Every structure is written in C-alpha cells, then in structure tokens.
$ cat start-v5.pdb   # PDB, C-alpha atoms
ATOM      1  CA  ALA A   1      -3.043   7.100 -33.278
ATOM      2  CA  ALA A   2      -6.348   8.950 -32.820
ATOM      3  CA  LEU A   3      -5.295  11.412 -35.497
ATOM      4  CA  ARG A   4      -4.186   8.544 -37.777
ATOM      5  CA  TRP A   5      -0.700  10.052 -37.722
ATOM      6  CA  ARG A   6       1.123   6.802 -38.223
ATOM      7  CA  SER A   7       4.650   8.147 -38.226
ATOM      8  CA  GLY A   8       3.893  10.114 -35.037
ATOM      9  CA  ALA A   9       2.462   7.004 -33.364
ATOM     10  CA  LEU A  10       5.551   5.008 -34.309
ATOM     11  CA  TRP A  11       7.834   7.700 -32.905
ATOM     12  CA  ALA A  12       5.762   7.796 -29.705
ATOM     13  CA  VAL A  13       6.131   4.031 -29.251
ATOM     14  CA  ALA A  14       9.884   4.290 -29.860
ATOM     15  CA  VAL A  15      10.291   7.121 -27.346
ATOM     16  CA  LEU A  16       8.263   5.258 -24.722
ATOM     17  CA  ALA A  17      10.321   2.096 -25.247
ATOM     18  CA  VAL A  18      13.627   3.955 -24.854
ATOM     19  CA  THR A  19      12.328   5.816 -21.803
ATOM     20  CA  ALA A  20      11.187   2.568 -20.179
ATOM     21  CA  TRP A  21      14.583   0.982 -20.853
ATOM     22  CA  PHE A  22      16.435   3.909 -19.262
ATOM     23  CA  ALA A  23      14.019   4.002 -16.300
ATOM     24  CA  ARG A  24      14.963   0.458 -15.270
ATOM     25  CA  PRO A  25      17.348   0.519 -12.283
ATOM     26  CA  PHE A  26      20.908  -0.168 -13.346
ATOM     27  CA  GLY A  27      21.588  -3.828 -12.706
ATOM     28  CA  ALA A  28      17.898  -4.751 -12.395
ATOM     29  CA  GLY A  29      17.416  -8.476 -12.770
ATOM     30  CA  GLU A  30      20.986  -9.307 -11.820
ATOM     31  CA  THR A  31      21.688 -12.015  -9.277
ATOM     32  CA  ALA A  32      24.744 -12.135  -7.062
ATOM     33  CA  PRO A  33      26.687 -15.386  -6.643
ATOM     34  CA  ALA A  34      27.060 -16.656  -3.095
ATOM     35  CA  PRO A  35      30.441 -15.815  -1.565
ATOM     36  CA  PRO A  36      32.793 -18.739  -0.948
ATOM     37  CA  GLY A  37      33.173 -20.206   2.507
ATOM     38  CA  PRO A  38      30.690 -20.828   5.304
ATOM     39  CA  VAL A  39      28.418 -18.210   6.857
ATOM     40  CA  VAL A  40      30.166 -16.916   9.987
ATOM     41  CA  ALA A  41      27.603 -14.266  11.036
ATOM     42  CA  HIS A  42      24.143 -12.925  10.284
ATOM     43  CA  VAL A  43      24.366  -9.124  10.231
ATOM     44  CA  SER A  44      21.484  -6.649  10.262
ATOM     45  CA  VAL A  45      22.148  -3.046   9.223
ATOM     46  CA  LEU A  46      19.908   0.028   9.462
ATOM     47  CA  THR A  47      20.679   3.432   7.962
ATOM     48  CA  SER A  48      18.565   6.546   8.445
ATOM     49  CA  ASN A  49      18.853  10.239   7.606
ATOM     50  CA  VAL A  50      16.872  11.765  10.474
ATOM     51  CA  GLU A  51      16.712  15.284   8.906
ATOM     52  CA  PHE A  52      18.405  17.580  11.401
ATOM     53  CA  GLY A  53      17.594  15.094  14.164
ATOM     54  CA  GLN A  54      13.811  15.519  13.844
ATOM     55  CA  ALA A  55      13.128  11.803  13.231
ATOM     56  CA  THR A  56      15.380  10.556  16.037
ATOM     57  CA  PRO A  57      12.452   9.581  18.322
ATOM     58  CA  ALA A  58      10.820   7.602  15.482
ATOM     59  CA  LEU A  59      14.137   5.896  14.679
ATOM     60  CA  ILE A  60      14.675   4.980  18.326
ATOM     61  CA  ASP A  61      11.138   3.589  18.602
ATOM     62  CA  GLU A  62      11.734   1.451  15.507
ATOM     63  CA  VAL A  63      15.038   0.113  16.832
ATOM     64  CA  ARG A  64      13.658  -0.606  20.313
ATOM     65  CA  ARG A  65      10.584  -2.337  18.872
ATOM     66  CA  GLU A  66      12.691  -4.641  16.737
ATOM     67  CA  THR A  67      15.159  -5.225  19.563
ATOM     68  CA  ALA A  68      12.304  -6.297  21.844
ATOM     69  CA  GLN A  69      11.314  -8.822  19.175
ATOM     70  CA  GLY A  70      14.840 -10.228  19.088
ATOM     71  CA  ARG A  71      15.726  -8.888  15.631
ATOM     72  CA  GLY A  72      17.183  -5.471  16.332
ATOM     73  CA  PRO A  73      19.812  -4.138  13.910
ATOM     74  CA  GLY A  74      23.365  -4.944  14.913
ATOM     75  CA  ILE A  75      24.714  -1.788  13.244
ATOM     76  CA  VAL A  76      22.898   1.550  12.929
ATOM     77  CA  PHE A  77      24.137   4.427  10.738
ATOM     78  CA  VAL A  78      22.536   7.825  11.470
ATOM     79  CA  GLU A  79      22.947  10.872   9.240
ATOM     80  CA  GLU A  80      22.047  14.484  10.101
ATOM     81  CA  CYS A  81      22.300  13.558  13.775
ATOM     82  CA  SER A  82      22.059  16.915  15.548
ATOM     83  CA  LEU A  83      23.173  17.524  19.135
ATOM     84  CA  ARG A  84      19.638  16.679  20.292
ATOM     85  CA  CYS A  85      19.826  13.500  18.225
ATOM     86  CA  SER A  86      23.093  12.348  19.811
ATOM     87  CA  ALA A  87      21.726  13.132  23.284
ATOM     88  CA  LEU A  88      18.582  11.077  22.612
ATOM     89  CA  LEU A  89      20.663   8.168  21.310
ATOM     90  CA  ASP A  90      22.696   8.229  24.536
ATOM     91  CA  GLU A  91      19.545   8.347  26.637
ATOM     92  CA  ARG A  92      17.234   5.907  24.878
ATOM     93  CA  LEU A  93      19.699   3.551  23.164
ATOM     94  CA  PRO A  94      22.200   3.254  26.019
ATOM     95  CA  PRO A  95      25.327   1.064  26.130
ATOM     96  CA  ALA A  96      23.227  -1.837  27.382
ATOM     97  CA  ILE A  97      21.726  -1.949  23.859
ATOM     98  CA  TYR A  98      24.614  -0.581  21.780
ATOM     99  CA  PRO A  99      27.828  -0.785  23.794
ATOM    100  CA  TYR A 100      30.016   0.442  20.913
ATOM    101  CA  ARG A 101      29.570   3.689  19.027
ATOM    102  CA  ASP A 102      31.301   6.397  17.012
ATOM    103  CA  VAL A 103      29.353   9.652  17.332
ATOM    104  CA  VAL A 104      30.372  12.957  15.750
ATOM    105  CA  ARG A 105      28.600  15.521  17.904
ATOM    106  CA  GLN A 106      27.788  18.481  15.678
ATOM    107  CA  ASP A 107      24.548  20.345  15.228
ATOM    108  CA  GLY A 108      22.190  20.534  12.281
ATOM    109  CA  SER A 109      23.003  18.264   9.362
ATOM    110  CA  LYS A 110      26.703  17.897  10.208
ATOM    111  CA  GLY A 111      26.458  15.318  13.002
ATOM    112  CA  SER A 112      26.568  11.552  12.383
ATOM    113  CA  ALA A 113      26.620   8.351  14.393
ATOM    114  CA  ILE A 114      27.482   4.677  14.092
ATOM    115  CA  LEU A 115      26.002   2.402  16.778
ATOM    116  CA  SER A 116      27.088  -1.228  17.040
ATOM    117  CA  VAL A 117      26.611  -4.365  19.077
ATOM    118  CA  TYR A 118      30.003  -5.490  17.741
ATOM    119  CA  PRO A 119      33.321  -4.240  19.141
ATOM    120  CA  LEU A 120      34.527  -1.178  17.246
ATOM    121  CA  ARG A 121      37.859   0.445  16.600
ATOM    122  CA  ASN A 122      37.199   3.961  15.332
ATOM    123  CA  THR A 123      39.085   5.138  12.253
ATOM    124  CA  ALA A 124      39.725   8.564  10.749
ATOM    125  CA  GLY A 125      36.653   8.436   8.506
ATOM    126  CA  ILE A 126      36.408  10.545   5.339
ATOM    127  CA  PRO A 127      36.931  14.358   5.304
ATOM    128  CA  SER A 128      33.632  16.045   4.458
ATOM    129  CA  THR A 129      31.332  18.958   5.199
ATOM    130  CA  MET A 130      28.830  16.672   6.938
ATOM    131  CA  ALA A 131      30.578  14.137   9.151
ATOM    132  CA  MET A 132      31.425  10.753   7.646
ATOM    133  CA  PRO A 133      32.894   8.675  10.503
ATOM    134  CA  GLY A 134      34.353   5.219  10.024
ATOM    135  CA  ALA A 135      35.264   2.217  12.155
ATOM    136  CA  VAL A 136      36.435  -1.380  12.055
ATOM    137  CA  ALA A 137      34.091  -3.906  13.683
ATOM    138  CA  ARG A 138      34.833  -7.440  14.825
ATOM    139  CA  ILE A 139      32.067  -9.663  13.430
ATOM    140  CA  GLY A 140      32.100 -13.455  13.335
ATOM    141  CA  GLY A 141      35.828 -13.481  13.995
ATOM    142  CA  ARG A 142      36.505 -11.172  11.043
ATOM    143  CA  ALA A 143      37.503  -7.527  10.852
ATOM    144  CA  VAL A 144      34.839  -5.585   8.911
ATOM    145  CA  ARG A 145      35.245  -1.989   7.765
ATOM    146  CA  LEU A 146      32.287   0.310   8.445
ATOM    147  CA  GLN A 147      31.997   3.675   6.730
ATOM    148  CA  LEU A 148      29.147   6.168   6.957
ATOM    149  CA  ALA A 149      28.447   8.108   3.743
ATOM    150  CA  HIS A 150      26.884  11.573   3.578
ATOM    151  CA  PRO A 151      28.363  13.769   0.838
ATOM    152  CA  LEU A 152      26.899  17.152   0.031
ATOM    153  CA  PRO A 153      23.856  17.091  -2.293
ATOM    154  CA  PRO A 154      24.347  18.119  -5.949
ATOM    155  CA  ILE A 155      22.351  21.340  -5.743
ATOM    156  CA  PRO A 156      23.185  24.511  -7.703
ATOM    157  CA  GLY A 157      26.376  26.060  -6.435
ATOM    158  CA  GLN A 158      27.839  22.924  -4.870
ATOM    159  CA  VAL A 159      27.861  20.293  -7.619
ATOM    160  CA  ALA A 160      31.661  20.445  -7.686
ATOM    161  CA  ALA A 161      31.779  19.841  -3.913
ATOM    162  CA  TRP A 162      29.368  16.907  -4.326
ATOM    163  CA  ARG A 163      31.676  15.371  -6.937
ATOM    164  CA  THR A 164      34.678  15.902  -4.667
ATOM    165  CA  GLU A 165      33.102  14.289  -1.603
ATOM    166  CA  LEU A 166      31.570  11.426  -3.567
ATOM    167  CA  GLY A 167      35.003  10.990  -5.130
ATOM    168  CA  ARG A 168      36.546  10.646  -1.670
ATOM    169  CA  ILE A 169      34.105   7.831  -0.895
ATOM    170  CA  ARG A 170      35.074   6.226  -4.200
ATOM    171  CA  ALA A 171      38.779   6.507  -3.288
ATOM    172  CA  TYR A 172      38.074   4.956   0.117
ATOM    173  CA  ALA A 173      36.146   2.105  -1.518
ATOM    174  CA  ALA A 174      38.895   1.498  -4.069
ATOM    175  CA  GLU A 175      41.600   1.378  -1.397
ATOM    176  CA  SER A 176      39.540  -0.826   0.920
ATOM    177  CA  GLY A 177      38.461  -3.220  -1.802
ATOM    178  CA  HIS A 178      41.922  -4.588  -2.546
ATOM    179  CA  ASP A 179      43.066  -6.129   0.738
ATOM    180  CA  GLY A 180      40.344  -8.747   1.241
ATOM    181  CA  THR A 181      38.792  -7.089   4.308
ATOM    182  CA  PRO A 182      34.959  -7.153   4.214
ATOM    183  CA  GLY A 183      33.292  -3.761   4.241
ATOM    184  CA  ILE A 184      29.978  -1.931   4.578
ATOM    185  CA  VAL A 185      29.480   1.626   3.313
ATOM    186  CA  ALA A 186      26.058   2.977   4.269
ATOM    187  CA  GLY A 187      24.167   6.238   4.468
ATOM    188  CA  ASP A 188      22.679   9.036   2.396
ATOM    189  CA  PHE A 189      24.846   9.179  -0.730
ATOM    190  CA  ASN A 190      22.815  11.951  -2.395
ATOM    191  CA  ALA A 191      23.282   9.858  -5.541
ATOM    192  CA  THR A 192      21.469   7.088  -7.375
ATOM    193  CA  ARG A 193      22.554   4.312  -9.703
ATOM    194  CA  ASP A 194      21.581   6.708 -12.510
ATOM    195  CA  HIS A 195      24.653   8.812 -11.619
ATOM    196  CA  ALA A 196      27.806   7.645 -13.375
ATOM    197  CA  ALA A 197      29.813   8.866 -10.360
ATOM    198  CA  PHE A 198      27.896   6.479  -8.089
ATOM    199  CA  ARG A 199      28.341   3.566 -10.492
ATOM    200  CA  ASP A 200      32.064   4.356 -10.564
ATOM    201  CA  LEU A 201      32.070   4.127  -6.764
ATOM    202  CA  LEU A 202      30.437   0.688  -6.889
ATOM    203  CA  ALA A 203      32.929  -0.528  -9.486
ATOM    204  CA  ALA A 204      35.974   0.931  -7.703
ATOM    205  CA  GLY A 205      35.210  -0.908  -4.477
ATOM    206  CA  ASN A 206      33.690  -3.996  -6.092
ATOM    207  CA  LEU A 207      30.608  -3.234  -3.990
ATOM    208  CA  ARG A 208      27.026  -4.423  -4.228
ATOM    209  CA  ASP A 209      23.997  -2.212  -3.633
ATOM    210  CA  SER A 210      21.906  -4.159  -1.121
ATOM    211  CA  ALA A 211      18.553  -2.786  -2.276
ATOM    212  CA  LEU A 212      19.215  -4.061  -5.794
ATOM    213  CA  TYR A 213      19.845  -7.624  -4.626
ATOM    214  CA  GLY A 214      17.456  -7.543  -1.666
ATOM    215  CA  GLY A 215      14.195  -6.983  -3.529
ATOM    216  CA  ALA A 216      13.903  -3.196  -3.094
ATOM    217  CA  ALA A 217      15.493  -1.918  -6.315
ATOM    218  CA  HIS A 218      12.432   0.118  -7.315
ATOM    219  CA  THR A 219      11.729   1.751  -3.939
ATOM    220  CA  PRO A 220      12.469   5.502  -3.751
ATOM    221  CA  SER A 221      13.980   6.726  -0.495
ATOM    222  CA  TRP A 222      13.653  10.492  -1.035
ATOM    223  CA  PRO A 223      11.608  12.595  -0.811
ATOM    224  CA  HIS A 224       9.506  10.670   1.671
ATOM    225  CA  ALA A 225       6.301  12.546   0.800
ATOM    226  CA  ALA A 226       6.480  11.962  -2.961
ATOM    227  CA  PRO A 227       3.932   9.412  -4.178
ATOM    228  CA  ARG A 228       5.447   6.335  -5.723
ATOM    229  CA  PRO A 229       6.911   5.858  -8.281
ATOM    230  CA  LEU A 230       8.119   9.465  -7.967
ATOM    231  CA  GLY A 231      11.235  10.087  -5.930
ATOM    232  CA  VAL A 232      14.725   8.625  -6.105
ATOM    233  CA  GLN A 233      16.753   6.071  -4.200
ATOM    234  CA  ILE A 234      19.690   7.924  -2.651
ATOM    235  CA  ASP A 235      19.983   5.985   0.631
ATOM    236  CA  HIS A 236      22.084   2.860   0.257
ATOM    237  CA  VAL A 237      23.835   0.041   2.068
ATOM    238  CA  LEU A 238      26.790  -1.047  -0.060
ATOM    239  CA  VAL A 239      28.576  -4.264   0.819
ATOM    240  CA  SER A 240      31.699  -6.083  -0.296
ATOM    241  CA  ARG A 241      31.592  -9.486  -1.982
ATOM    242  CA  GLU A 242      32.092 -11.335   1.327
ATOM    243  CA  PHE A 243      28.449 -10.522   2.112
ATOM    244  CA  GLN A 244      25.324 -12.041   0.640
ATOM    245  CA  VAL A 245      22.172  -9.943   0.815
ATOM    246  CA  ARG A 246      19.200 -11.799   2.288
ATOM    247  CA  ASP A 247      16.677  -8.967   2.025
ATOM    248  CA  ALA A 248      16.303  -5.185   2.032
ATOM    249  CA  ARG A 249      13.365  -3.107   3.233
ATOM    250  CA  PHE A 250      12.694   0.642   3.269
ATOM    251  CA  ILE A 251      10.928   1.969   6.369
ATOM    252  CA  ASP A 252       8.760   5.080   6.732
ATOM    253  CA  LEU A 253       9.708   7.175   9.778
ATOM    254  CA  SER A 254       7.877  10.321  10.857
ATOM    255  CA  GLY A 255       9.876  13.544  10.996
ATOM    256  CA  THR A 256      12.218  13.006   8.053
ATOM    257  CA  ASP A 257      12.097  13.395   4.290
ATOM    258  CA  HIS A 258      14.048  10.132   3.875
ATOM    259  CA  ARG A 259      13.007   6.523   4.214
ATOM    260  CA  ALA A 260      15.260   4.420   6.418
ATOM    261  CA  LEU A 261      16.786   1.272   4.931
ATOM    262  CA  ARG A 262      17.032  -2.037   6.796
ATOM    263  CA  VAL A 263      19.197  -4.787   5.304
ATOM    264  CA  ARG A 264      19.896  -8.343   6.453
ATOM    265  CA  LEU A 265      23.209  -9.838   5.389
ATOM    266  CA  ASP A 266      25.174 -13.064   5.678
ATOM    267  CA  LEU A 267      28.911 -12.665   6.245
ATOM    268  CA  HIS A 268      30.954 -15.529   4.817
ATOM    269  CA  GLY A 269      34.283 -16.712   6.166
TER     270      GLY A 269
END
$ encode --input "start-v5.pdb" --output "structure tokens"
Amino acid sequence: AALRWRSGALWAVAVLAVTAWFARPFGAGETAPAPPGPVVAHVSVLTSNVEFGQATPALIDEVRRETAQGRGPGIVFVEECSLRCSALLDERLPPAIYPYRDVVRQDGSKGSAILSVYPLRNTAGIPSTMAMPGAVARIGGRAVRLQLAHPLPPIPGQVAAWRTELGRIRAYAAESGHDGTPGIVAGDFNATRDHAAFRDLLAAGNLRDSALYGGAAHTPSWPHAAPRPLGVQIDHVLVSREFQVRDARFIDLSGTDHRALRVRLDLHG
C-alpha cells in the first residue's frame, strides 16, 4: 500500500485472510449438544507429560493442593513417567488419595501411569514404544473406558511410526465407540487438530476434544517456553458423547516442556 502497488496490496489482503481462516482451530465456534439422560457423576481429569519425570514434584504439588481444597482430579494420566516418577507417585500420592492405579514402570519417556479414585480393571492397553496403558473404571454406576495416549512424535526418521501408533489409537477409538460404553482417551498425542490423522481419530471414535468445547481451544500446550500464540496444542482429553465438557484449563508446571490439562466433565446416564 505504501508503494501504491494496488494489485500487491490486494494479494496481501487475500493471503492474510486465507491464513487467518486456516489458523482457526478446527471446530472453533462449535457447540456440543447435551447428552441425553441425567447427570450421574461429575468427573475431573488431569493429564500431564512430566518430561522424563522431571515435573513429577510439581504435578504432585498441584494435585495435593487441589485435593486439599476438595476439588482434586478423580483421574490422573501421566506420560513420560520415569522410574523416579512412579516412585514419587507411590510415596506422595499414596493409596489413601488414589487407591486405584495402572502404572507401567519403565525409565525415561517410556513409563506411564493412570491414577484413579474410581475402581479400575486394567486392560491390555495399546502396543506402543512409549507405554499406553488402559483400564475400565466404574463411575456413577457406569463402566467407563480409560486409555492413555502417547504415540511417538512425528520427527524425521519416525513419521511412519507416528502414523502407525496414532493409527492404533484410532482403531481403539473406532472399536470402543460402537458399543455404547463411555470413554476417555487422554495424554500427549503428539498431534493437533491440524493433522488429518488426528481428525480421523476423533471421527472414528465419535470423540470430542475437551479443550475445544471447554474454552481452551486457542491455548498451546507445547513447547511450554514458547510465547503465546506460538506453540501447538498436542495434549488432549478426548471424551465420548456421554460426557459434557464443563470447562478445560491448561496449567503451567515447572520441569516440563508441556502444559498439563485439567478438564471437568459431566457423565450422563
């Protein structure tokens, strides 16, 4: 415009408009209808990638603080839970707080954990390089599938493996989504709604991304240090249509390059 290059200015406006349209989160502005039936339970879920276990103390402090205030998460998914991480969870979040748990005790990024105040029956989980355990919880008189997600990241040399492991989560979601059993799939998906493979996963399981419907659609979860609006949202809590999302909030924890995600849900009967 300064150069009075009118055609260039018009092209610039067009490019900016298209870029802005593509930058909107997929599904932004959508509202989810309330599930049929009465609310049988209020469920709070927290997921956190603690980066090789380094952020475990910060995660524990957050959980204990909220528990002391009477609003602690009923289900906690932990990714990259190293051997030190699993030991700290045993020590500082004992069975008196979380009597039910499914912990895969491996070191580095391969360990994972599901902690629950609800009775659990552990399942086989999903085969993967980094552990993806699963369980069935009893919540509000209903069986609810729980599945932790942590496929490999799509970095050079392992994009094919990322597609394979994300595809296994999609297959799990598709199989689980057809029998009427409520489900929660949560963790570090190493994928955003901008990835067609992730959108296919949502569609296959008829799942909703809690952040989208809980008021946090624009919040990046990784990398933690990137100033907003830089970064991407790769940490998700996906829920079946028996759940209504009340709110979603990303939490900064020291020691990890991921933001944790806290979601409050209503489970309908």
$ residues_around --input "start-v5.pdb" --residues "Thr164 (chain A)" --least-positions-apart "4" --cutoff "12 Å" --atoms "all atoms listed in the file" --output "list of chain:residue names"
A:Ile126, A:Pro127, A:Ser128, A:Thr129, A:Pro151, A:Leu152, A:Pro153, A:Pro154, A:Gln158, A:Val159, A:Ala160, A:Arg168, A:Ile169, A:Arg170, A:Ala171, A:Ala197
$ atom_distance --input "start-v5.pdb" --atom1 "CA of Phe52 (chain A)" --atom2 "CA of Met132 (chain A)"
15.2 Å
$ residues_near_point --input "start-v5.pdb" --point "(31.6, 9.1, 6.4)" --cutoff "10 Å" --atoms "all atoms listed in the file" --output "MDAnalysis selection string"
chainID A and resid 77 79 112:114 124:135 146:151 165 168:169 172 185:189
$ write_last_selection --input "start-v5.pdb" --atoms "C-alpha atoms" --output "PDB file, in the coordinates of the input"
ATOM      1  CA  PHE A  77      24.137   4.427  10.738  1.00  0.00           C
ATOM      2  CA  GLU A  79      22.947  10.872   9.240  1.00  0.00           C
ATOM      3  CA  SER A 112      26.568  11.552  12.383  1.00  0.00           C
ATOM      4  CA  ALA A 113      26.620   8.351  14.393  1.00  0.00           C
ATOM      5  CA  ILE A 114      27.482   4.677  14.092  1.00  0.00           C
ATOM      6  CA  ALA A 124      39.725   8.564  10.749  1.00  0.00           C
ATOM      7  CA  GLY A 125      36.653   8.436   8.506  1.00  0.00           C
ATOM      8  CA  ILE A 126      36.408  10.545   5.339  1.00  0.00           C
ATOM      9  CA  PRO A 127      36.931  14.358   5.304  1.00  0.00           C
ATOM     10  CA  SER A 128      33.632  16.045   4.458  1.00  0.00           C
ATOM     11  CA  THR A 129      31.332  18.958   5.199  1.00  0.00           C
ATOM     12  CA  MET A 130      28.830  16.672   6.938  1.00  0.00           C
ATOM     13  CA  ALA A 131      30.578  14.137   9.151  1.00  0.00           C
ATOM     14  CA  MET A 132      31.425  10.753   7.646  1.00  0.00           C
ATOM     15  CA  PRO A 133      32.894   8.675  10.503  1.00  0.00           C
ATOM     16  CA  GLY A 134      34.353   5.219  10.024  1.00  0.00           C
ATOM     17  CA  ALA A 135      35.264   2.217  12.155  1.00  0.00           C
ATOM     18  CA  LEU A 146      32.287   0.310   8.445  1.00  0.00           C
ATOM     19  CA  GLN A 147      31.997   3.675   6.730  1.00  0.00           C
ATOM     20  CA  LEU A 148      29.147   6.168   6.957  1.00  0.00           C
ATOM     21  CA  ALA A 149      28.447   8.108   3.743  1.00  0.00           C
ATOM     22  CA  HIS A 150      26.884  11.573   3.578  1.00  0.00           C
ATOM     23  CA  PRO A 151      28.363  13.769   0.838  1.00  0.00           C
ATOM     24  CA  GLU A 165      33.102  14.289  -1.603  1.00  0.00           C
ATOM     25  CA  ARG A 168      36.546  10.646  -1.670  1.00  0.00           C
ATOM     26  CA  ILE A 169      34.105   7.831  -0.895  1.00  0.00           C
ATOM     27  CA  TYR A 172      38.074   4.956   0.117  1.00  0.00           C
ATOM     28  CA  VAL A 185      29.480   1.626   3.313  1.00  0.00           C
ATOM     29  CA  ALA A 186      26.058   2.977   4.269  1.00  0.00           C
ATOM     30  CA  GLY A 187      24.167   6.238   4.468  1.00  0.00           C
ATOM     31  CA  ASP A 188      22.679   9.036   2.396  1.00  0.00           C
ATOM     32  CA  PHE A 189      24.846   9.179  -0.730  1.00  0.00           C
TER      33      PHE A 189
END
$ atom_distance --input "start-v5.pdb" --atom1 "CA of Val39 (chain A)" --atom2 "CA of Val239 (chain A)"
15.2 Å
$ closest_residue --input "start-v5.pdb" --among "A:Arg105, A:His195, A:His236, A:Arg241" --to "Ala32 (chain A)" --atoms "only C-alpha atoms"
A:Arg241
$ residues_around --input "start-v5.pdb" --residues "Val45 (chain A)" --least-positions-apart "6" --cutoff "12 Å" --atoms "all atoms listed in the file" --output "VMD selection string"
chain A and resid 63 71 to 78 114 to 118 146 148 184 to 187 210 236 to 239 245 to 250 260 to 266
$ build_atoms --input "start-v5.pdb" --residues "region 147-167 of chain A" --atoms "N, CA and C atoms" --output "mmCIF file, in the coordinates of the input"
data_model
loop_
_atom_site.group_PDB
_atom_site.id
_atom_site.type_symbol
_atom_site.label_atom_id
_atom_site.label_comp_id
_atom_site.auth_asym_id
_atom_site.auth_seq_id
_atom_site.Cartn_x
_atom_site.Cartn_y
_atom_site.Cartn_z
ATOM 1 N N GLN A 147 31.814 2.282 7.125
ATOM 2 C CA GLN A 147 31.997 3.675 6.730
ATOM 3 C C GLN A 147 30.644 4.316 6.477
ATOM 4 N N LEU A 148 30.379 5.410 7.180
ATOM 5 C CA LEU A 148 29.147 6.168 6.957
ATOM 6 C C LEU A 148 29.363 7.122 5.790
ATOM 7 N N ALA A 149 28.368 7.231 4.919
ATOM 8 C CA ALA A 149 28.447 8.108 3.743
ATOM 9 C C ALA A 149 27.401 9.208 3.832
ATOM 10 N N HIS A 150 27.831 10.461 3.640
ATOM 11 C CA HIS A 150 26.884 11.573 3.578
ATOM 12 C C HIS A 150 27.547 12.770 2.885
ATOM 13 N N PRO A 151 27.797 12.639 1.575
ATOM 14 C CA PRO A 151 28.363 13.769 0.838
ATOM 15 C C PRO A 151 27.328 14.871 0.655
ATOM 16 N N LEU A 152 27.804 16.039 0.320
ATOM 17 C CA LEU A 152 26.899 17.152 0.031
ATOM 18 C C LEU A 152 25.968 16.791 -1.126
ATOM 19 N N PRO A 153 24.756 17.347 -1.162
ATOM 20 C CA PRO A 153 23.856 17.091 -2.293
ATOM 21 C C PRO A 153 24.277 17.900 -3.511
ATOM 22 N N PRO A 154 23.949 17.417 -4.726
ATOM 23 C CA PRO A 154 24.347 18.119 -5.949
ATOM 24 C C PRO A 154 23.365 19.224 -6.321
ATOM 25 N N ILE A 155 23.257 20.222 -5.469
ATOM 26 C CA ILE A 155 22.351 21.340 -5.743
ATOM 27 C C ILE A 155 23.141 22.473 -6.387
ATOM 28 N N PRO A 156 22.469 23.418 -7.041
ATOM 29 C CA PRO A 156 23.185 24.511 -7.703
ATOM 30 C C PRO A 156 24.162 25.198 -6.754
ATOM 31 N N GLY A 157 25.364 25.391 -7.231
ATOM 32 C CA GLY A 157 26.376 26.060 -6.435
ATOM 33 C C GLY A 157 27.317 25.128 -5.706
ATOM 34 N N GLN A 158 26.940 23.838 -5.571
ATOM 35 C CA GLN A 158 27.839 22.924 -4.870
ATOM 36 C C GLN A 158 27.956 21.571 -5.565
ATOM 37 N N VAL A 159 27.699 21.542 -6.869
ATOM 38 C CA VAL A 159 27.861 20.293 -7.619
ATOM 39 C C VAL A 159 29.322 19.844 -7.595
ATOM 40 N N ALA A 160 30.239 20.793 -7.715
ATOM 41 C CA ALA A 160 31.661 20.445 -7.686
ATOM 42 C C ALA A 160 32.038 19.834 -6.331
ATOM 43 N N ALA A 161 31.497 20.390 -5.247
ATOM 44 C CA ALA A 161 31.779 19.841 -3.913
ATOM 45 C C ALA A 161 31.179 18.447 -3.760
ATOM 46 N N TRP A 162 29.987 18.245 -4.348
ATOM 47 C CA TRP A 162 29.368 16.907 -4.326
ATOM 48 C C TRP A 162 30.263 15.900 -5.029
ATOM 49 N N ARG A 163 30.786 16.276 -6.202
ATOM 50 C CA ARG A 163 31.676 15.371 -6.937
ATOM 51 C C ARG A 163 32.935 15.070 -6.118
ATOM 52 N N THR A 164 33.463 16.093 -5.460
ATOM 53 C CA THR A 164 34.678 15.902 -4.667
ATOM 54 C C THR A 164 34.439 14.936 -3.521
ATOM 55 N N GLU A 165 33.341 15.135 -2.782
ATOM 56 C CA GLU A 165 33.102 14.289 -1.603
ATOM 57 C C GLU A 165 32.683 12.881 -2.009
ATOM 58 N N LEU A 166 31.908 12.759 -3.071
ATOM 59 C CA LEU A 166 31.570 11.426 -3.567
ATOM 60 C C LEU A 166 32.839 10.734 -4.084
ATOM 61 N N GLY A 167 33.732 11.529 -4.670
ATOM 62 C CA GLY A 167 35.003 10.990 -5.130
ATOM 63 C C GLY A 167 35.864 10.478 -3.990
#
